[in-house]
Amino acid sequence: PSEGQVVIDGEDLCAMSQKELTLRRRSISMIFQHFNLLMQRTCLDNICFPMEIAGKKGPEVKKKAKELLDIVGLPDKADAYPAQLSGGQKQRIAIARALASDPKILLCDEATSALDNESEKLVQESLEKLSKGRTTFTIAHRLSTIRRADTILVLTEKGIEERGNHQELLEKGGIYAHLYE
């Protein structure tokens, strides 16, 4: 960051060496608005990719990838290529890939914004299942995406304007409530 700090588990990431930062980043995954799948790799191989980068090899890598395909509801797409999938299916593969390294922190940057309502619902269900037991930051403009979050931060150019869960923010009658209405 250009100012401030990024502190995880009491450690300032900005004060870490490059080697320490690289190791810390292995516990963080991100799901982007655009799928960023590797087009020349099958869905299964896309999910295996982060585990391979981390140095994992062998049948346990494929086994875990297949388990993630099951969790996101696409067990039949292991041998398909991204070009053969719908937008919602690509995003669910991207979710499975992001979770292959079992990150402690998951960042979702507009992960459902490019999807139709039906695909968004399927992706949201997958994310809710897979976010259990980890810290998940969801950046979204669609309020339906963040409605069930434990804590919602409303950001403006001034910084954090409001903080609370969905019901608390509605009761405040501020920016969030106005956007929701």
# chains A, B, ... in the order shown; residues from 1 in each chain; ligands from 1

$ residues_around --residues "Glu110 in chain A" --least-positions-apart "6" --cutoff "8 Å" --atoms "only C-alpha atoms" --output "ChimeraX atom specification"
/A:32-33,138-141

$ write_last_selection --atoms "all heavy atoms" --output "CSV table (one decimal), in the first residue's frame"
chain,number,residue,atom,x,y,z
A,32,PHE,N,-11.4,-13.5,-9.0
A,32,PHE,CA,-11.6,-12.3,-9.8
A,32,PHE,C,-12.9,-12.2,-10.5
A,32,PHE,O,-13.6,-13.2,-10.7
A,32,PHE,CB,-10.5,-12.2,-10.8
A,32,PHE,CG,-9.1,-12.1,-10.3
A,32,PHE,CD1,-8.3,-13.2,-10.1
A,32,PHE,CD2,-8.5,-10.9,-9.9
A,32,PHE,CE1,-7.1,-13.2,-9.6
A,32,PHE,CE2,-7.3,-10.8,-9.4
A,32,PHE,CZ,-6.5,-12.0,-9.2
A,33,GLN,N,-13.3,-11.0,-10.9
A,33,GLN,CA,-14.5,-10.8,-11.7
A,33,GLN,C,-14.4,-11.6,-13.0
A,33,GLN,O,-15.3,-12.3,-13.5
A,33,GLN,CB,-14.7,-9.4,-12.0
A,33,GLN,CG,-15.8,-9.0,-12.9
A,33,GLN,CD,-16.0,-7.5,-13.1
A,33,GLN,OE1,-15.2,-6.7,-12.6
A,33,GLN,NE2,-17.0,-7.1,-13.8
A,138,THR,N,-15.5,-10.0,0.5
A,138,THR,CA,-16.2,-9.9,-0.8
A,138,THR,C,-16.4,-8.4,-1.2
A,138,THR,O,-17.0,-7.7,-0.4
A,138,THR,CB,-17.6,-10.6,-0.6
A,138,THR,OG1,-17.4,-11.9,-0.2
A,138,THR,CG2,-18.3,-10.5,-1.9
A,139,ILE,N,-15.8,-8.1,-2.3
A,139,ILE,CA,-16.0,-6.8,-2.9
A,139,ILE,C,-17.1,-6.9,-3.9
A,139,ILE,O,-17.0,-7.7,-4.9
A,139,ILE,CB,-14.7,-6.3,-3.5
A,139,ILE,CG1,-13.6,-6.3,-2.5
A,139,ILE,CG2,-14.8,-4.9,-4.2
A,139,ILE,CD1,-12.2,-6.8,-3.0
A,140,ALA,N,-18.2,-6.1,-3.7
A,140,ALA,CA,-19.3,-6.2,-4.6
A,140,ALA,C,-20.1,-4.9,-4.7
A,140,ALA,O,-20.2,-4.2,-3.7
A,140,ALA,CB,-20.2,-7.4,-4.2
A,141,HIS,N,-20.8,-4.7,-5.8
A,141,HIS,CA,-21.7,-3.7,-6.0
A,141,HIS,C,-23.2,-4.2,-5.8
A,141,HIS,O,-24.1,-3.5,-5.4
A,141,HIS,CB,-21.6,-3.0,-7.3
A,141,HIS,CG,-20.4,-2.1,-7.4
A,141,HIS,ND1,-19.2,-2.6,-7.8
A,141,HIS,CD2,-20.2,-0.8,-7.1
A,141,HIS,CE1,-18.3,-1.6,-7.8
A,141,HIS,NE2,-18.9,-0.5,-7.3

$ closest_atom_pairs --of "range 97-172 of chain A" --to "range 39-62 of chain A" --cutoff "12 Å" --atoms "only C-alpha atoms" --output "CSV"
residue,atom,partner,partner_atom,distance
A:Arg97,CA,A:Ile47,CA,4.1
A:Ala98,CA,A:Ile47,CA,7.7
A:Leu99,CA,A:Ile47,CA,8.5
A:Ala100,CA,A:Ile47,CA,6.4
A:Ser101,CA,A:Met51,CA,5.9
A:Asp102,CA,A:Met51,CA,9.5
A:Pro103,CA,A:Pro50,CA,10.9

$ residues_around --residues "Leu179 in chain A" --least-positions-apart "6" --cutoff "10 Å" --atoms "only C-alpha atoms" --output "list of chain:residue names"
A:His141, A:Arg142, A:Leu143, A:Leu170, A:Gly173

$ closest_residue --among "A:Leu169, A:Leu106, A:Leu38, A:Met16" --to "Thr136 in chain A" --atoms "only C-alpha atoms"
A:Leu106

$ residues_around --residues "Phe137 in chain A" --least-positions-apart "5" --cutoff "12 Å" --atoms "only C-alpha atoms" --output "PyMOL selection string"
chain A and resi 28-32+104-111+127-128+131+145-146+149-153

$ select_by_dssp --residues "range 39-172 of chain A" --states "strand (DSSP E or B)" --output "PyMOL selection string"
chain A and resi 105-109+135-139+152-156+159-164

$ write_last_selection --atoms "N, CA and C atoms" --output "compact mmCIF listing (two decimals), in the first residue's frame"
# COMPACT_ATOMS: atom_id res chain seq x y z
N ILE A 105 -7.35 -16.98 3.91
CA ILE A 105 -8.03 -15.74 3.51
C ILE A 105 -8.43 -15.86 2.05
N LEU A 106 -9.67 -15.52 1.77
CA LEU A 106 -10.19 -15.56 0.40
C LEU A 106 -10.69 -14.17 0.04
N LEU A 107 -10.19 -13.63 -1.05
CA LEU A 107 -10.61 -12.32 -1.56
C LEU A 107 -11.46 -12.53 -2.81
N CYS A 108 -12.66 -12.01 -2.81
CA CYS A 108 -13.57 -12.16 -3.95
C CYS A 108 -13.84 -10.78 -4.52
N ASP A 109 -13.26 -10.48 -5.66
CA ASP A 109 -13.40 -9.16 -6.27
C ASP A 109 -14.46 -9.21 -7.36
N THR A 135 -11.46 -16.58 6.50
CA THR A 135 -11.84 -15.18 6.39
C THR A 135 -12.06 -14.86 4.92
N THR A 136 -13.24 -14.35 4.61
CA THR A 136 -13.57 -14.05 3.22
C THR A 136 -13.93 -12.58 3.09
N PHE A 137 -13.25 -11.88 2.19
CA PHE A 137 -13.56 -10.50 1.86
C PHE A 137 -14.25 -10.51 0.50
N THR A 138 -15.46 -9.96 0.46
CA THR A 138 -16.19 -9.90 -0.79
C THR A 138 -16.36 -8.45 -1.19
N ILE A 139 -15.84 -8.11 -2.34
CA ILE A 139 -15.99 -6.76 -2.89
C ILE A 139 -17.09 -6.85 -3.93
N ILE A 152 -20.52 -5.97 6.98
CA ILE A 152 -20.51 -5.26 5.71
C ILE A 152 -19.91 -3.88 5.95
N LEU A 153 -18.95 -3.51 5.13
CA LEU A 153 -18.37 -2.16 5.18
C LEU A 153 -18.84 -1.41 3.95
N VAL A 154 -19.40 -0.23 4.16
CA VAL A 154 -19.82 0.61 3.05
C VAL A 154 -18.71 1.63 2.83
N LEU A 155 -18.08 1.56 1.66
CA LEU A 155 -16.95 2.44 1.36
C LEU A 155 -17.36 3.52 0.38
N THR A 156 -16.85 4.71 0.62
CA THR A 156 -16.99 5.81 -0.33
C THR A 156 -15.60 6.41 -0.51
N GLY A 159 -13.76 6.89 2.71
CA GLY A 159 -13.33 5.73 3.49
C GLY A 159 -14.54 4.92 3.94
N ILE A 160 -14.43 4.28 5.09
CA ILE A 160 -15.54 3.47 5.61
C ILE A 160 -16.61 4.40 6.17
N GLU A 161 -17.79 4.36 5.57
CA GLU A 161 -18.90 5.22 5.99
C GLU A 161 -19.84 4.50 6.94
N GLU A 162 -20.03 3.20 6.72
CA GLU A 162 -20.94 2.43 7.57
C GLU A 162 -20.37 1.03 7.77
N ARG A 163 -20.78 0.44 8.90
CA ARG A 163 -20.31 -0.91 9.23
C ARG A 163 -21.42 -1.62 10.01
N GLY A 164 -21.67 -2.88 9.65
CA GLY A 164 -22.67 -3.68 10.35
C GLY A 164 -23.11 -4.84 9.48
